[in-house]
Amino acid sequence: MAVWKVAPALAAGCTAILKPSELASAFYYFTNLMWFYIRTCLELADICREVGLPPGVLNILTGLGTEAGAPLASHPHVDKIVFTGSTATGSNIMTSAAKLVKPVSLELGGKSPIIVFDDVEIDKAVEWTMFGCFWTNGQICSATSRLLVHEKIADEFLDKLVKWTKNIKISDPFEEGCRLGPVVSKGQYERVVKFVSNARKEGATVLCGGARPGHFKKGYFVEPAIISNVTTSMEIWRDEVFGPVLCVKNSLH
């Protein structure tokens, strides 16, 4: 994702400033996704230096969004902003940039579907459904967090999906065999748990997960959740959770 933004700018002869998430900078050891992201951004800068990119052409700026990111959006010498993140932050960036008629490119959240027809190889489809939603704990904008499964195979598919999901090993990311670590922060943990609670209040069925695992008394660990009986008007179907939560509809005919 960093290279998507940086490479075109460098190829066009521009300088660039790349700002990773402040959570990635502060809490890189908590989750595989964030560790990977901050380390690769810094590694990218080292590689550029090694191959002879002049100093100042690519700059990695770490820090809080309000202190490091926001000034970039409003600075008159920054000619364009490209941002991936929340809709709320994207709206603020667009507002700041508009005052200078500065162009922006925004990728704001995601609620990507995975669609399963009745002619699939069920085991393989279940495997990819789990990977699409729970890889990196769902903390990626391309997570396939909505499942549309054909009604003919829905029961069999969900039974296997729930069973396999319950067997995912949740542990310290440095522990051998870990398949799911904690989410990135206390705020994100509370957000994920609240989404699951709200789905239950709206009438959805939580088939598994959505809370801290019993073997953890602390830490921002969340069992991967699968939620069925979801309608398109529910919050869980409409809004990005950015966590290990999959919502399901079996309305394909």
# chains A, B, ... in the order shown; residues from 1 in each chain; ligands from 1

call {"tool": "residues_around", "arguments": {"residues": "Ile81 in chain A", "least_positions_apart": "2", "cutoff": "10 Å", "atoms": "only C-alpha atoms", "output": "list in words"}}
result
Lys5, Ala16, Ile17, Leu72, Ala73, Ser74, Val78, Asp79, Phe83, Ile93, Met94, Ala97, Lys102, Pro103, Val104, Ser105 and Leu106 of chain A

call {"tool": "select_by_dssp", "arguments": {"residues": "range 16-175 of chain A", "states": "alpha helix (DSSP H)", "output": "ChimeraX atom specification"}}
result
/A:22-26,32-50,70-74,87-98,122-134,154-166

call {"tool": "residues_around", "arguments": {"residues": "Thr87 in chain A", "least_positions_apart": "4", "cutoff": "10 Å", "atoms": "only C-alpha atoms", "output": "list of chain:residue names"}}
result
A:Ser91, A:Asn92, A:Ile93, A:Leu106, A:Glu107, A:Leu108, A:Gly109, A:Gly110, A:Glu240

call {"tool": "residues_around", "arguments": {"residues": "range 206-217 of chain A", "least_positions_apart": "2", "cutoff": "6 Å", "atoms": "only C-alpha atoms", "output": "number ranges by chain"}}
result
A: 193, 196, 221-227

call {"tool": "closest_residue", "arguments": {"among": "A:Thr165, A:Ser185, A:Ser112, A:Ser86", "to": "Leu147 in chain A", "atoms": "only C-alpha atoms"}}
result
A:Ser112
